[in-house]
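Accompanying notes for the structure given below.
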Number of protein chains: 2
Amino acid sequence: MELMPLTMNHKIKSLSLAYDPAQGLRLLDQTLLPSQVSWVPISSPEHMIEAIQSLKVRGAPLIGISASLFLGHYSLSHTPSQTYQVYEDLKKARPTAVNLANNLNSCWQNYLTHNNDPQFLLQKAIELFYQDQELCFAMAKQGVSLLNSNESVLTYCNTGSLATAGIGTALGVIKQGFEQGLIKHVYASETRPLGQGARLTAYELSQLKIPHHVICDNMAATLMAEQLVTKIFVGADRITKKGEVANKIGTLNLAILAAHFKIPFYVVAPSTTFDFETSDDQKMVIEQRNQSEVLGIWNNSISTALNPAFDITPPTLITGIVTENLISTYPFWA
Amino acid sequence: MELMPLTMNHKIKSLSLAYDPAQGLRLLDQTLLPSQVSWVPISSPEHMIEAIQSLKVRGAPLIGISASLFLGHYSLSHTPSQTYQVYEDLKKARPTAVNLANNLNSCWQNYLTHNNDPQFLLQKAIELFYQDQELCFAMAKQGVSLLNSNESVLTYCNTGSLATAGIGTALGVIKQGFEQGLIKHVYASETRPLGQGARLTAYELSQLKIPHHVICDNMAATLMAEQLVTKIFVGADRITKKGEVANKIGTLNLAILAAHFKIPFYVVAPSTTFDFETSDDQKMVIEQRNQSEVLGIWNNSISTALNPAFDITPPTLITGIVTENLISTYPFWA
């Protein structure tokens, strides 16, 4: 992809993110959806990290792009050593998704190779935004080629315009598939504990007027038993060189059900999600989040809870991985 | 089992239910647990039906016993034709569990064969209460025989003293297994949408000081993948003559995971849960509950949701069915 021309007043805007050099970065607070649409200006590195950790902004691609735009904007008015410190801090804001570190690294690299000129850091971040939009369209095009007519699709977590800069990964395939008349119905699995399916995917599907039902995560098996699901599309936070897919907790569950009922199970992710650097022996760091996310809604103050944010689905359970370039089927790149 | 001697001032009390002829039936409002322990007097047939439908009282055995005690008490001060109408209305309060109709039928039968003497209706209801306590102990004894040492058990929904008159079905096995030092840890799966695991099983486990974690239903697969679950015990609302088990939505999901990971999956239920009358061709009526139970916590007023209360697990996925008399393994009674 070619570099965009440098421009100090370039403005960008998506369903979930807005940036211009005068106002800085603003994010749609995703914790308040679907009942409230509220934009938050991100004024400091601490604020950016808090927005990531509290899931005001979430979705592996969107986190990476947001943090990069923030860093780019920050670099305009700070020294290289201050910027370096923020770059290091942002990389650690969430451990599992690979995009955050990858995007920040590539922005930082562009800064270094241009004599610490902050415009080049910002420019790279803006470029990543547009690159992600194009990636989404390219993935959707690949994914739609898998669809027959009258598909009734199950999806998990949120992988749309609230997770990326564009139409999304798995949800991007669904949006384009619906637009082309191939998908007639969508099941959005709630995605406990934080309800990204019941809140965010439901919000996007409603905006797009796509017929859908929200289901509890434990209902997927019975839908499949009743042959109501023809295909499953999910996203990914990180894909290792063995073809293991780290994604929102509950993805492994769905993949096992899909294998049991012989329903095609596709992972949709840009090639930037691939992590070929982690060795086969290294275990991925799975973020454990606060147990109040699990227990809070039940007013349960007497128990302890587990709250791993992600799980790992082995390649044997995945029908195919859809990227911007191709659809890779098991055993993938072995 | 022998008939108890008739007594007009017989009082009964369990963790979830209290009855004496002066005060009538009182139920622990299970919708308020674990944060609030509140007893509700049941003053009218409408109130009894509301308590069942709103899940103030739930658990197949406990519903049957509560409704029977109510009917017995009601018959003391009403005509046979009034009592008959309430008997018919109560049977329809929830459609899936077989205990409700079975218990009411057996009370009604005892009433009819004793010239509509209400004491015999009430006596049968009281008898069912004690019978259920004994059943629970007998099931637990069978179930404990399946345990090795250091078991780490996963359970679903609530099947304890808040679901039965006694120590419970699946949770009864767990209680006795813990007491005998065979179980070291319990995972209580939250059981969306109403959180019977996260609220009620957690409450019972806390009361019994059994070490436990609450997990979201979508986390079970990853626990199993990490070999943290050695056995699974669940209850049942109805078991057909083909060996199909209707139980809380999400049970089928767990059974598929258990088969995938080769973890023993046991159903614990009294023989009264068996429904040998429904023919092979008849489909069980699966109760669809209000979608607000799914969408409410997310403040989602823009989507529709599915909310089947139960699912059906085929016998091929069940390692064994534990009853008060024996442990039956697949292909069960074929």
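By convention here, the chains of the structure tokens are called A, B, ... in the order presented, each chain's residues are numbered starting at 1, and ligands are numbered starting at 1 in the order presented.
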Using only C-alpha atoms, what table do you get, as a Markdown table, when you list each residue of chain B with an atom no more than 6 Å from chain A, its nearest pair of atoms, and their distance in Å rounded to one decimal, rows by chain then rising number?
```
| residue | atom | partner | partner_atom | distance |
| --- | --- | --- | --- | --- |
| B:Ser35 | CA | A:Asn299 | CA | 5.9 |
| B:His213 | CA | A:Ala305 | CA | 4.7 |
| B:Val214 | CA | A:Ala305 | CA | 4.4 |
| B:Ile215 | CA | A:Leu306 | CA | 5.6 |
| B:Asn218 | CA | A:Gly250 | CA | 4.4 |
| B:Met219 | CA | A:Gly250 | CA | 5.9 |
| B:Ala221 | CA | A:Asn253 | CA | 5.2 |
| B:Gly250 | CA | A:Asn218 | CA | 4.4 |
| B:Asn253 | CA | A:Ala221 | CA | 5.2 |
| B:Asn299 | CA | A:Ser35 | CA | 6.0 |
| B:Thr304 | CA | A:His213 | CA | 5.2 |
| B:Ala305 | CA | A:Val214 | CA | 4.4 |
| B:Leu306 | CA | A:Ile215 | CA | 5.6 |
```
Compile the contact shell of region 114-130 of chain B as number ranges by chain: residues with an atom at most 9 Å away, counting only C-alpha atoms, same-chain residues fewer than 4 positions apart removed. B: 1-8, 10, 12, 62, 64-80, 103-104, 106-110, 134-135, 164-166
Give the strand (DSSP E) residues of region 9-129 of chain B, as assigned by DSSP on the backbone, as a list of chain:residue names.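 Of region 9-129 of chain B, only B:Ile12, B:Lys13, B:Leu17, B:Ala18, B:Tyr19, B:Asp20, B:Gly24, B:Leu25, B:Arg26, B:Leu27, B:Leu28, B:Trp39, B:Val40, B:Pro41 fall in strand (DSSP E).
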Between CA of Phe265 (chain A) and CA of Ala170 (chain A), what is the spacing in Å?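 Those two atoms sit 11.1 Å apart.
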